[in-house]
$ cat protein_2.pdb   # PDB, C-alpha atoms
ATOM      1  CA  MET Y   1     101.496  99.868 101.748
ATOM      2  CA  ALA Y   2     100.029 101.385 104.840
ATOM      3  CA  VAL Y   3     101.711 104.183 106.733
ATOM      4  CA  ASP Y   4     100.299 104.922 110.160
ATOM      5  CA  ARG Y   5     102.519 107.914 110.831
ATOM      6  CA  PHE Y   6     104.440 109.903 108.224
ATOM      7  CA  PRO Y   7     105.962 112.908 109.960
ATOM      8  CA  VAL Y   8     107.001 115.518 107.392
ATOM      9  CA  GLU Y   9     110.300 116.948 108.603
ATOM     10  CA  ALA Y  10     112.432 119.828 107.329
ATOM     11  CA  SER Y  11     115.688 117.844 107.199
ATOM     12  CA  HIS Y  12     114.017 115.075 105.213
ATOM     13  CA  ILE Y  13     112.631 117.637 102.735
ATOM     14  CA  LEU Y  14     116.136 119.146 102.409
ATOM     15  CA  MET Y  15     117.711 115.748 101.699
ATOM     16  CA  PHE Y  16     114.968 114.826  99.254
ATOM     17  CA  ALA Y  17     115.317 118.129  97.364
ATOM     18  CA  ARG Y  18     119.085 117.614  97.182
ATOM     19  CA  SER Y  19     118.616 114.140  95.745
ATOM     20  CA  ILE Y  20     116.540 115.472  92.848
ATOM     21  CA  GLY Y  21     119.024 118.301  92.311
ATOM     22  CA  ASP Y  22     116.535 120.996  93.321
ATOM     23  CA  THR Y  23     118.223 124.005  94.927
ATOM     24  CA  ASN Y  24     115.011 126.041  95.284
ATOM     25  CA  PRO Y  25     115.233 127.731  98.735
ATOM     26  CA  ILE Y  26     111.502 127.088  99.291
ATOM     27  CA  TYR Y  27     112.603 123.570 100.277
ATOM     28  CA  TYR Y  28     115.119 124.538 102.998
ATOM     29  CA  ASP Y  29     115.285 128.262 103.806
ATOM     30  CA  GLU Y  30     112.665 129.265 106.354
ATOM     31  CA  ALA Y  31     113.446 132.985 106.127
ATOM     32  CA  HIS Y  32     113.120 132.942 102.344
ATOM     33  CA  ALA Y  33     109.937 130.880 102.505
ATOM     34  CA  ALA Y  34     108.335 133.275 104.992
ATOM     35  CA  GLY Y  35     108.476 136.016 102.390
ATOM     36  CA  THR Y  36     106.831 133.966  99.612
ATOM     37  CA  GLU Y  37     103.226 133.326  98.685
ATOM     38  CA  VAL Y  38     103.212 129.910 100.366
ATOM     39  CA  GLY Y  39     104.669 131.410 103.542
ATOM     40  CA  SER Y  40     106.615 128.393 104.765
ATOM     41  CA  ILE Y  41     108.910 125.644 103.617
ATOM     42  CA  ILE Y  42     106.989 123.140 101.504
ATOM     43  CA  ALA Y  43     107.931 119.734 100.137
ATOM     44  CA  PRO Y  44     108.709 119.074  96.460
ATOM     45  CA  PRO Y  45     105.782 117.649  94.466
ATOM     46  CA  THR Y  46     106.965 114.031  94.553
ATOM     47  CA  PHE Y  47     107.951 113.986  98.242
ATOM     48  CA  ALA Y  48     104.951 111.899  99.344
ATOM     49  CA  GLN Y  49     106.691 108.900  97.789
ATOM     50  CA  ALA Y  50     109.243 109.109 100.619
ATOM     51  CA  SER Y  51     106.502 107.918 102.960
ATOM     52  CA  ALA Y  52     108.113 104.528 102.236
ATOM     53  CA  GLN Y  53     110.622 105.497 104.948
ATOM     54  CA  PHE Y  54     107.795 105.226 107.479
ATOM     55  CA  ASP Y  55     106.213 102.014 106.234
ATOM     56  CA  PRO Y  56     107.528  99.426 108.720
ATOM     57  CA  ASP Y  57     107.085  96.605 106.210
ATOM     58  CA  TYR Y  58     108.398  98.385 103.120
ATOM     59  CA  PHE Y  59     109.906  95.621 101.015
ATOM     60  CA  LEU Y  60     112.576  97.698  99.271
ATOM     61  CA  ARG Y  61     114.495  98.645 102.425
ATOM     62  CA  PRO Y  62     117.029  96.313 104.050
ATOM     63  CA  LYS Y  63     116.047  95.540 107.627
ATOM     64  CA  ALA Y  64     118.207  94.514 110.557
ATOM     65  CA  GLY Y  65     118.309  90.778 111.089
ATOM     66  CA  GLN Y  66     116.566  89.963 107.805
ATOM     67  CA  LYS Y  67     118.025  88.615 104.579
ATOM     68  CA  TRP Y  68     118.206  91.130 101.746
ATOM     69  CA  PHE Y  69     117.727  90.157  98.122
ATOM     70  CA  GLY Y  70     120.577  92.325  96.833
ATOM     71  CA  SER Y  71     124.136  91.076  96.517
ATOM     72  CA  GLY Y  72     126.554  90.244  99.291
ATOM     73  CA  ALA Y  73     128.775  87.229  99.038
ATOM     74  CA  THR Y  74     126.496  86.034  96.241
ATOM     75  CA  PRO Y  75     124.679  88.066  93.544
ATOM     76  CA  SER Y  76     121.397  87.772  95.438
ATOM     77  CA  GLY Y  77     121.191  87.128  99.149
ATOM     78  CA  ALA Y  78     117.682  85.898  99.643
ATOM     79  CA  MET Y  79     115.356  86.047  96.693
ATOM     80  CA  ALA Y  80     113.473  82.843  97.444
ATOM     81  CA  VAL Y  81     113.140  83.633 101.122
ATOM     82  CA  GLU Y  82     111.889  87.162 100.535
ATOM     83  CA  LYS Y  83     109.392  86.018  97.946
ATOM     84  CA  GLU Y  84     107.860  83.562 100.360
ATOM     85  CA  GLU Y  85     107.762  85.993 103.232
ATOM     86  CA  THR Y  86     105.948  88.589 101.205
ATOM     87  CA  SER Y  87     103.560  86.315  99.360
ATOM     88  CA  ASP Y  88     100.660  87.852 101.250
ATOM     89  CA  ALA Y  89     101.755  91.374 100.370
ATOM     90  CA  LYS Y  90      99.106  93.316  98.523
ATOM     91  CA  GLY Y  91     101.216  96.102  97.077
ATOM     92  CA  ASP Y  92     102.566  95.502  93.631
ATOM     93  CA  GLU Y  93     105.905  97.043  94.507
ATOM     94  CA  LYS Y  94     106.448  94.354  97.075
ATOM     95  CA  LYS Y  95     105.982  91.598  94.549
ATOM     96  CA  SER Y  96     107.846  93.237  91.728
ATOM     97  CA  GLY Y  97     110.907  94.161  93.741
ATOM     98  CA  SER Y  98     112.133  90.595  93.921
ATOM     99  CA  SER Y  99     111.763  89.869  90.222
ATOM    100  CA  ALA Y 100     113.660  91.055  87.209
ATOM    101  CA  GLY Y 101     110.596  92.523  85.606
ATOM    102  CA  GLY Y 102     108.902  94.637  88.287
ATOM    103  CA  LEU Y 103     108.949  98.293  87.351
ATOM    104  CA  HIS Y 104     107.131 101.505  88.091
ATOM    105  CA  ALA Y 105     104.919 102.370  85.103
ATOM    106  CA  GLU Y 106     102.956 105.438  86.164
ATOM    107  CA  GLN Y 107     102.670 107.815  89.087
ATOM    108  CA  HIS Y 108     100.046 110.505  89.613
ATOM    109  CA  PHE Y 109      99.586 112.987  92.443
ATOM    110  CA  THR Y 110      96.549 115.155  93.094
ATOM    111  CA  TYR Y 111      97.357 117.957  95.526
ATOM    112  CA  HIS Y 112      94.665 119.268  97.822
ATOM    113  CA  ARG Y 113      97.399 121.303  99.496
ATOM    114  CA  HIS Y 114     101.196 121.101  99.661
ATOM    115  CA  LEU Y 115     103.105 119.392 102.451
ATOM    116  CA  GLN Y 116     104.904 121.400 105.128
ATOM    117  CA  PRO Y 117     107.296 120.481 107.923
ATOM    118  CA  GLY Y 118     105.179 119.621 110.943
ATOM    119  CA  ASP Y 119     102.520 117.784 108.989
ATOM    120  CA  VAL Y 120     101.905 114.298 110.311
ATOM    121  CA  LEU Y 121     100.176 112.177 107.712
ATOM    122  CA  THR Y 122      98.618 108.796 107.426
ATOM    123  CA  GLY Y 123      98.680 106.925 104.151
ATOM    124  CA  GLU Y 124      96.079 104.320 103.314
ATOM    125  CA  THR Y 125      96.537 102.292 100.152
ATOM    126  CA  LYS Y 126      93.820 100.477  98.285
ATOM    127  CA  PRO Y 127      94.228  98.281  95.231
ATOM    128  CA  GLY Y 128      92.884  99.647  91.952
ATOM    129  CA  GLU Y 129      92.468  98.086  88.535
ATOM    130  CA  ASN Y 130      94.567  95.334  86.969
ATOM    131  CA  TRP Y 131      95.139  94.956  83.245
ATOM    132  CA  GLU Y 132      97.428  93.323  80.685
ATOM    133  CA  LYS Y 133      99.044  94.482  77.502
ATOM    134  CA  GLU Y 134     101.274  92.822  74.909
ATOM    135  CA  SER Y 135     104.580  94.540  74.157
ATOM    136  CA  LYS Y 136     107.260  93.887  71.558
ATOM    137  CA  ARG Y 137     110.172  94.653  73.851
ATOM    138  CA  ALA Y 138     109.102  92.883  77.048
ATOM    139  CA  GLY Y 139     106.378  90.332  76.275
ATOM    140  CA  VAL Y 140     103.140  90.334  78.275
ATOM    141  CA  LEU Y 141     102.918  93.309  80.627
ATOM    142  CA  LYS Y 142     100.831  92.935  83.771
ATOM    143  CA  PHE Y 143      99.788  96.277  85.193
ATOM    144  CA  SER Y 144      98.324  96.858  88.631
ATOM    145  CA  GLU Y 145      97.148 100.082  90.153
ATOM    146  CA  SER Y 146      97.055 101.249  93.747
ATOM    147  CA  ILE Y 147      95.609 104.400  95.242
ATOM    148  CA  THR Y 148      97.017 105.988  98.395
ATOM    149  CA  GLU Y 149      95.213 108.707 100.308
ATOM    150  CA  TYR Y 150      97.410 110.862 102.515
ATOM    151  CA  ARG Y 151      95.498 112.625 105.283
ATOM    152  CA  ASP Y 152      96.644 115.106 107.910
ATOM    153  CA  GLU Y 153      95.959 115.024 111.641
ATOM    154  CA  ASN Y 154      92.540 116.581 111.112
ATOM    155  CA  GLY Y 155      91.642 113.787 108.724
ATOM    156  CA  GLU Y 156      91.757 116.194 105.764
ATOM    157  CA  LEU Y 157      92.814 114.711 102.451
ATOM    158  CA  VAL Y 158      96.152 116.307 101.484
ATOM    159  CA  ILE Y 159      97.447 114.239  98.562
ATOM    160  CA  THR Y 160      95.942 111.422  96.539
ATOM    161  CA  ALA Y 161      98.570 109.254  94.873
ATOM    162  CA  ARG Y 162      97.833 106.769  92.106
ATOM    163  CA  SER Y 163     100.615 104.343  91.308
ATOM    164  CA  VAL Y 164     100.791 101.796  88.492
ATOM    165  CA  GLY Y 165     103.299  98.988  88.659
ATOM    166  CA  VAL Y 166     104.136  96.646  85.814
ATOM    167  CA  VAL Y 167     105.593  93.167  85.827
ATOM    168  CA  THR Y 168     107.143  92.281  82.495
ATOM    169  CA  GLU Y 169     107.279  88.771  81.080
ATOM    170  CA  LYS Y 170     110.972  89.241  80.252
ATOM    171  CA  VAL Y 171     113.692  91.811  80.743
ATOM    172  CA  ILE Y 172     113.050  94.841  78.520
ATOM    173  CA  GLU Y 173     115.163  94.700  75.364
ATOM    174  CA  GLN Y 174     117.567  97.606  75.183
TER     175      GLN Y 174
ATOM    176  CA  MET K 175     107.915 132.831  89.627
ATOM    177  CA  THR K 176     104.240 132.391  88.948
ATOM    178  CA  LEU K 177     102.358 132.489  85.679
ATOM    179  CA  ASN K 178      99.854 135.174  84.851
ATOM    180  CA  ALA K 179      96.918 134.103  82.681
ATOM    181  CA  THR K 180      97.076 137.324  80.689
ATOM    182  CA  GLU K 181     100.700 136.696  79.719
ATOM    183  CA  ILE K 182     100.466 133.071  78.571
ATOM    184  CA  LYS K 183      98.753 131.248  75.730
ATOM    185  CA  VAL K 184      98.126 127.693  74.592
ATOM    186  CA  GLY K 185     101.245 126.373  72.887
ATOM    187  CA  ASP K 186     103.712 128.320  75.049
ATOM    188  CA  SER K 187     106.485 126.085  76.304
ATOM    189  CA  TYR K 188     109.320 125.985  78.784
ATOM    190  CA  SER K 189     112.219 123.560  79.043
ATOM    191  CA  GLU K 190     115.229 122.858  81.214
ATOM    192  CA  MET K 191     118.115 120.453  81.162
ATOM    193  CA  ILE K 192     117.306 118.616  84.396
ATOM    194  CA  VAL K 193     120.420 116.485  84.659
ATOM    195  CA  GLU K 194     123.679 116.286  82.757
ATOM    196  CA  ASP K 195     125.614 113.001  82.880
ATOM    197  CA  LEU K 196     123.501 111.341  85.585
ATOM    198  CA  THR K 197     125.758 109.708  88.155
ATOM    199  CA  ARG K 198     125.331 106.447  90.006
ATOM    200  CA  THR K 199     125.958 108.446  93.166
ATOM    201  CA  GLN K 200     122.919 110.642  92.532
ATOM    202  CA  ILE K 201     120.824 107.497  92.106
ATOM    203  CA  VAL K 202     122.136 106.299  95.482
ATOM    204  CA  GLN K 203     121.386 109.736  96.951
ATOM    205  CA  TYR K 204     117.791 109.406  95.742
ATOM    206  CA  ALA K 205     117.543 105.894  97.179
ATOM    207  CA  GLY K 206     118.582 107.230 100.574
ATOM    208  CA  ALA K 207     116.188 110.164 100.544
ATOM    209  CA  SER K 208     113.182 108.305  99.179
ATOM    210  CA  GLY K 209     113.769 105.062 101.056
ATOM    211  CA  ASP K 210     113.547 102.950  97.874
ATOM    212  CA  TYR K 211     116.635 100.734  98.053
ATOM    213  CA  ASN K 212     115.654  98.363  95.266
ATOM    214  CA  PRO K 213     119.057  96.894  94.314
ATOM    215  CA  VAL K 214     118.308  97.347  90.605
ATOM    216  CA  HIS K 215     119.184 101.017  91.207
ATOM    217  CA  SER K 216     122.510 100.617  92.994
ATOM    218  CA  ASP K 217     123.728  97.037  93.034
ATOM    219  CA  GLU K 218     125.714  96.285  89.871
ATOM    220  CA  LYS K 219     126.157  92.615  90.716
ATOM    221  CA  PHE K 220     122.463  92.036  91.372
ATOM    222  CA  VAL K 221     121.197  94.037  88.421
ATOM    223  CA  THR K 222     123.500  92.405  85.869
ATOM    224  CA  GLU K 223     123.636  88.843  87.187
ATOM    225  CA  VAL K 224     120.158  88.402  88.678
ATOM    226  CA  ALA K 225     117.846  90.996  87.128
ATOM    227  CA  GLY K 226     119.499  90.799  83.707
ATOM    228  CA  TYR K 227     119.950  94.480  82.884
ATOM    229  CA  PRO K 228     123.166  95.973  81.444
ATOM    230  CA  THR K 229     123.776  98.140  84.519
ATOM    231  CA  VAL K 230     121.922  99.960  87.279
ATOM    232  CA  PHE K 231     119.179 102.383  86.260
ATOM    233  CA  ALA K 232     117.485 105.350  87.874
ATOM    234  CA  HIS K 233     114.280 105.172  89.878
ATOM    235  CA  GLY K 234     111.378 106.370  87.737
ATOM    236  CA  MET K 235     110.585 108.604  90.678
ATOM    237  CA  LEU K 236     114.002 110.277  90.397
ATOM    238  CA  THR K 237     113.167 111.274  86.820
ATOM    239  CA  MET K 238     109.705 112.388  87.952
ATOM    240  CA  GLY K 239     111.268 114.398  90.772
ATOM    241  CA  MET K 240     113.817 116.098  88.518
ATOM    242  CA  THR K 241     111.109 116.780  85.922
ATOM    243  CA  GLY K 242     108.938 118.209  88.700
ATOM    244  CA  ARG K 243     111.694 120.726  89.379
ATOM    245  CA  MET K 244     111.290 122.044  85.823
ATOM    246  CA  VAL K 245     107.510 122.207  86.335
ATOM    247  CA  THR K 246     107.680 124.143  89.616
ATOM    248  CA  ASN K 247     110.336 126.475  88.188
ATOM    249  CA  TYR K 248     107.782 127.253  85.457
ATOM    250  CA  VAL K 249     104.504 127.495  87.402
ATOM    251  CA  GLY K 250     105.798 128.613  90.795
ATOM    252  CA  ASP K 251     105.937 127.112  94.266
ATOM    253  CA  GLY K 252     102.835 125.537  95.747
ATOM    254  CA  ARG K 253     100.821 126.034  92.554
ATOM    255  CA  LEU K 254     100.421 122.456  91.342
ATOM    256  CA  THR K 255      97.040 120.785  91.758
ATOM    257  CA  TYR K 256      97.967 117.694  89.746
ATOM    258  CA  TYR K 257     101.153 116.094  88.447
ATOM    259  CA  GLY K 258     101.162 112.669  86.810
ATOM    260  CA  VAL K 259     103.538 110.781  84.553
ATOM    261  CA  ARG K 260     104.204 107.554  82.697
ATOM    262  CA  PHE K 261     107.700 106.108  82.712
ATOM    263  CA  VAL K 262     108.235 105.155  79.083
ATOM    264  CA  ASN K 263     111.929 104.275  78.968
ATOM    265  CA  GLN K 264     114.590 103.561  81.531
ATOM    266  CA  VAL K 265     117.114 106.209  82.549
ATOM    267  CA  TRP K 266     120.743 105.126  82.814
ATOM    268  CA  PRO K 267     123.907 106.520  84.408
ATOM    269  CA  GLY K 268     125.479 108.964  81.983
ATOM    270  CA  ASP K 269     122.126 110.143  80.613
ATOM    271  CA  THR K 270     121.504 113.825  80.045
ATOM    272  CA  LEU K 271     117.821 114.677  80.334
ATOM    273  CA  THR K 272     115.801 117.638  79.131
ATOM    274  CA  ALA K 273     112.293 118.233  80.435
ATOM    275  CA  ARG K 274     109.682 120.297  78.638
ATOM    276  CA  ALA K 275     106.248 121.641  79.512
ATOM    277  CA  GLU K 276     103.768 122.992  76.991
ATOM    278  CA  ILE K 277     100.537 124.792  77.788
ATOM    279  CA  ALA K 278      97.663 122.629  76.549
ATOM    280  CA  ALA K 279      94.775 124.630  78.028
ATOM    281  CA  ILE K 280      93.970 127.625  80.198
ATOM    282  CA  ARG K 281      90.628 127.328  81.982
ATOM    283  CA  GLU K 282      88.514 128.455  84.898
ATOM    284  CA  GLU K 283      87.405 126.102  87.641
ATOM    285  CA  ASP K 284      85.762 126.992  90.964
ATOM    286  CA  GLY K 285      86.989 130.565  90.725
ATOM    287  CA  ASP K 286      90.596 129.594  89.997
ATOM    288  CA  THR K 287      92.406 129.985  86.710
ATOM    289  CA  LEU K 288      94.132 126.745  85.892
ATOM    290  CA  VAL K 289      96.706 125.853  83.296
ATOM    291  CA  ASP K 290      97.024 122.320  81.931
ATOM    292  CA  LEU K 291     100.520 121.332  80.879
ATOM    293  CA  THR K 292     101.730 118.514  78.677
ATOM    294  CA  ILE K 293     105.059 117.294  79.984
ATOM    295  CA  SER K 294     107.813 115.232  78.461
ATOM    296  CA  THR K 295     111.379 114.368  79.315
ATOM    297  CA  THR K 296     113.834 113.164  76.702
ATOM    298  CA  ASN K 297     117.343 111.775  76.875
ATOM    299  CA  GLN K 298     120.433 112.699  74.858
ATOM    300  CA  ASP K 299     119.270 110.434  72.016
ATOM    301  CA  GLU K 300     115.964 112.334  71.929
ATOM    302  CA  ASN K 301     114.061 109.308  73.145
ATOM    303  CA  PHE K 302     111.217 109.972  75.555
ATOM    304  CA  VAL K 303     111.860 108.645  79.049
ATOM    305  CA  LEU K 304     108.801 110.228  80.683
ATOM    306  CA  THR K 305     105.527 111.693  79.453
ATOM    307  CA  GLY K 306     102.862 113.295  81.591
ATOM    308  CA  ASN K 307     100.569 116.116  82.514
ATOM    309  CA  ALA K 308     100.282 118.719  85.211
ATOM    310  CA  THR K 309      97.728 121.282  86.277
ATOM    311  CA  ALA K 310      98.595 124.455  88.153
ATOM    312  CA  ARG K 311      96.822 127.520  89.470
ATOM    313  CA  VAL K 312      97.887 130.699  87.729
ATOM    314  CA  ASP K 313      97.235 134.344  88.598
TER     315      ASP K 313
END
$ encode --input "protein_2.pdb" --output "structure tokens"
Amino acid sequence: MAVDRFPVEASHILMFARSIGDTNPIYYDEAHAAGTEVGSIIAPPTFAQASAQFDPDYFLRPKAGQKWFGSGATPSGAMAVEKEETSDAKGDEKKSGSSAGGLHAEQHFTYHRHLQPGDVLTGETKPGENWEKESKRAGVLKFSESITEYRDENGELVITARSVGVVTEKVIEQ
Amino acid sequence: MTLNATEIKVGDSYSEMIVEDLTRTQIVQYAGASGDYNPVHSDEKFVTEVAGYPTVFAHGMLTMGMTGRMVTNYVGDGRLTYYGVRFVNQVWPGDTLTARAEIAAIREEDGDTLVDLTISTTNQDENFVLTGNATARVD
């Protein structure tokens, strides 16, 4: 995943906070925020993940004119097609999204400062380690790590995100 | 709310019910806000017939986000320096989740007082769905 321009906007922060059920006014009320220690609206701690909205190639968003692998007339519209198209994709999420077993295993954020409306970030993702583990409930687990550095317009590092995806050999037993 | 180092000690804990009876609609709401439209989270036909799961399930990041709300309610706004989790079990519609933070350490670093938290989120059957850690600046 590479994001050339991730504009952090107040309405997006509001919608994101709503979706996680967080009614803290620091995420939407400018007048309230002005009187707090942070002094302005900030984004919730996991907001950087919404940079996916600004990744033009993000695999897990339906795109106009392209087949989508979710259901329509049939249970899956385009699994084979999507898999082929994204075979050069580096990000684990892109590969795992089309299979039954691709799941998010870990997510870590290191905050150098907190995001505010008006920030315009870039996000550069590099692959990390890969490893395997045997599990009773899902067979062989293949883990892969990626590290994304979010920088502001001055090139300052704002958030470092470390993501671990896992592809399971079989569907996890419930 | 912020924490004051003189008023906290290792072993102190804080917990919140972060969602009661999780709805499919909230999962869809999170998909829209985050941009992650993986059909395993919203598409019953795909998830049961293609992916092979009993029904749709929540994004791990939704659980991390809701758990983060508990953490920031405890440590205060803009205080986190680190927040990381492992997703250890899936979260399903109808789940009621409780998130808990416990103070593992209070330490000094570069002139700041930091608190290390051990975090966990459990479902109504008291199974862990998320485990993790956070670090925050305290006064």
$ interface_residues --input "protein_2.pdb" --of "chain K" --to "chain Y" --cutoff "6 Å" --atoms "only C-alpha atoms" --output "MDAnalysis selection string"
chainID K and resid 203:204 207:213 219:220 225 239:240 255:261
$ write_last_selection --input "protein_2.pdb" --atoms "C-alpha atoms" --output "compact mmCIF listing (two decimals), in the coordinates of the input"
# COMPACT_ATOMS: atom_id res chain seq x y z
CA GLN K 203 121.39 109.74 96.95
CA TYR K 204 117.79 109.41 95.74
CA ALA K 207 116.19 110.16 100.54
CA SER K 208 113.18 108.30 99.18
CA GLY K 209 113.77 105.06 101.06
CA ASP K 210 113.55 102.95 97.87
CA TYR K 211 116.64 100.73 98.05
CA ASN K 212 115.65 98.36 95.27
CA PRO K 213 119.06 96.89 94.31
CA LYS K 219 126.16 92.62 90.72
CA PHE K 220 122.46 92.04 91.37
CA ALA K 225 117.85 91.00 87.13
CA GLY K 239 111.27 114.40 90.77
CA MET K 240 113.82 116.10 88.52
CA THR K 255 97.04 120.78 91.76
CA TYR K 256 97.97 117.69 89.75
CA TYR K 257 101.15 116.09 88.45
CA GLY K 258 101.16 112.67 86.81
CA VAL K 259 103.54 110.78 84.55
CA ARG K 260 104.20 107.55 82.70
CA PHE K 261 107.70 106.11 82.71
$ atom_distance --input "protein_2.pdb" --atom1 "atom CA of Arg198 of chain K" --atom2 "atom CA of Met235 of chain K"
14.9 Å
$ atom_distance --input "protein_2.pdb" --atom1 "atom CA of Glu124 of chain Y" --atom2 "atom CA of Gly165 of chain Y"
17.2 Å
$ closest_residue --input "protein_2.pdb" --among "Y:Glu30, Y:Glu9, Y:Asp4, Y:Glu145" --to "Val166 of chain Y" --atoms "only C-alpha atoms"
Y:Glu145
$ closest_residue --input "protein_2.pdb" --among "K:Gly250, K:Pro228, K:Gly242, K:Gly185" --to "Ala310 of chain K" --atoms "all atoms listed in the file"
K:Gly250
$ residues_near_point --input "protein_2.pdb" --point "(106.8, 111.1, 77.2)" --cutoff "8 Å" --atoms "all atoms listed in the file" --output "PyMOL selection string"
chain K and resi 260-262+293-296+302-306
$ write_last_selection --input "protein_2.pdb" --atoms "C-alpha atoms" --output "PDB file, in the coordinates of the input"
ATOM      1  CA  ARG K 260     104.204 107.554  82.697  1.00  0.00           C
ATOM      2  CA  PHE K 261     107.700 106.108  82.712  1.00  0.00           C
ATOM      3  CA  VAL K 262     108.235 105.155  79.083  1.00  0.00           C
ATOM      4  CA  ILE K 293     105.059 117.294  79.984  1.00  0.00           C
ATOM      5  CA  SER K 294     107.813 115.232  78.461  1.00  0.00           C
ATOM      6  CA  THR K 295     111.379 114.368  79.315  1.00  0.00           C
ATOM      7  CA  THR K 296     113.834 113.164  76.702  1.00  0.00           C
ATOM      8  CA  PHE K 302     111.217 109.972  75.555  1.00  0.00           C
ATOM      9  CA  VAL K 303     111.860 108.645  79.049  1.00  0.00           C
ATOM     10  CA  LEU K 304     108.801 110.228  80.683  1.00  0.00           C
ATOM     11  CA  THR K 305     105.527 111.693  79.453  1.00  0.00           C
ATOM     12  CA  GLY K 306     102.862 113.295  81.591  1.00  0.00           C
TER      13      GLY K 306
END
$ residues_near_point --input "protein_2.pdb" --point "(119.8, 119.1, 84.7)" --cutoff "8 Å" --atoms "all atoms listed in the file" --output "PyMOL selection string"
(chain Y and resi 21) or (chain K and resi 190-194+240+270-272)
$ write_last_selection --input "protein_2.pdb" --atoms "C-alpha atoms" --output "PDB file, keeping the file's coordinate frame"
ATOM      1  CA  GLY Y  21     119.024 118.301  92.311  1.00  0.00           C
TER       2      GLY Y  21
ATOM      3  CA  GLU K 190     115.229 122.858  81.214  1.00  0.00           C
ATOM      4  CA  MET K 191     118.115 120.453  81.162  1.00  0.00           C
ATOM      5  CA  ILE K 192     117.306 118.616  84.396  1.00  0.00           C
ATOM      6  CA  VAL K 193     120.420 116.485  84.659  1.00  0.00           C
ATOM      7  CA  GLU K 194     123.679 116.286  82.757  1.00  0.00           C
ATOM      8  CA  MET K 240     113.817 116.098  88.518  1.00  0.00           C
ATOM      9  CA  THR K 270     121.504 113.825  80.045  1.00  0.00           C
ATOM     10  CA  LEU K 271     117.821 114.677  80.334  1.00  0.00           C
ATOM     11  CA  THR K 272     115.801 117.638  79.131  1.00  0.00           C
TER      12      THR K 272
END
$ resolve_selection --input "protein_2.pdb" --expression "the PyMOL selection byres ((chain Y and resi 129) around 7)" --output "PDB file with C-alpha atoms, in the coordinates of the input"
ATOM      1  CA  PRO Y 127      94.228  98.281  95.231  1.00  0.00           C
ATOM      2  CA  GLY Y 128      92.884  99.647  91.952  1.00  0.00           C
ATOM      3  CA  ASN Y 130      94.567  95.334  86.969  1.00  0.00           C
ATOM      4  CA  TRP Y 131      95.139  94.956  83.245  1.00  0.00           C
ATOM      5  CA  SER Y 144      98.324  96.858  88.631  1.00  0.00           C
ATOM      6  CA  GLU Y 145      97.148 100.082  90.153  1.00  0.00           C
TER       7      GLU Y 145
END
$ atom_distance --input "protein_2.pdb" --atom1 "atom CA of Val312 of chain K" --atom2 "atom CA of Leu177 of chain K"
5.2 Å
$ resolve_selection --input "protein_2.pdb" --expression "the PyMOL selection byres ((chain Y and resi 7) around 7)" --output "mmCIF file with C-alpha atoms, keeping the file's coordinate frame"
data_model
loop_
_atom_site.group_PDB
_atom_site.id
_atom_site.type_symbol
_atom_site.label_atom_id
_atom_site.label_comp_id
_atom_site.auth_asym_id
_atom_site.auth_seq_id
_atom_site.Cartn_x
_atom_site.Cartn_y
_atom_site.Cartn_z
ATOM 1 C CA ARG Y 5 102.519 107.914 110.831
ATOM 2 C CA PHE Y 6 104.440 109.903 108.224
ATOM 3 C CA VAL Y 8 107.001 115.518 107.392
ATOM 4 C CA GLU Y 9 110.300 116.948 108.603
ATOM 5 C CA GLY Y 118 105.179 119.621 110.943
ATOM 6 C CA ASP Y 119 102.520 117.784 108.989
ATOM 7 C CA VAL Y 120 101.905 114.298 110.311
ATOM 8 C CA LEU Y 121 100.176 112.177 107.712
#
$ residues_around --input "protein_2.pdb" --residues "Ser187 of chain K" --least-positions-apart "3" --cutoff "8 Å" --atoms "only C-alpha atoms" --output "number ranges by chain"
K: 274-277
$ closest_residue --input "protein_2.pdb" --among "K:Gly234, K:Asp217, K:Pro267, K:Thr176" --to "Gly252 of chain K" --atoms "all atoms listed in the file"
K:Thr176
$ axis_aligned_box --input "protein_2.pdb" --around "segment 119-137 of chain Y" --padding-each-side "3 Å" --output "AutoDock Vina command-line options"
--center_x 101.3 --center_y 105.3 --center_z 90.9 --size_x 23.7 --size_y 31.0 --size_z 44.8
$ closest_residue --input "protein_2.pdb" --among "K:Leu236, K:Leu291, K:Val184, K:Ala278" --to "Tyr248 of chain K" --atoms "only C-alpha atoms"
K:Leu291
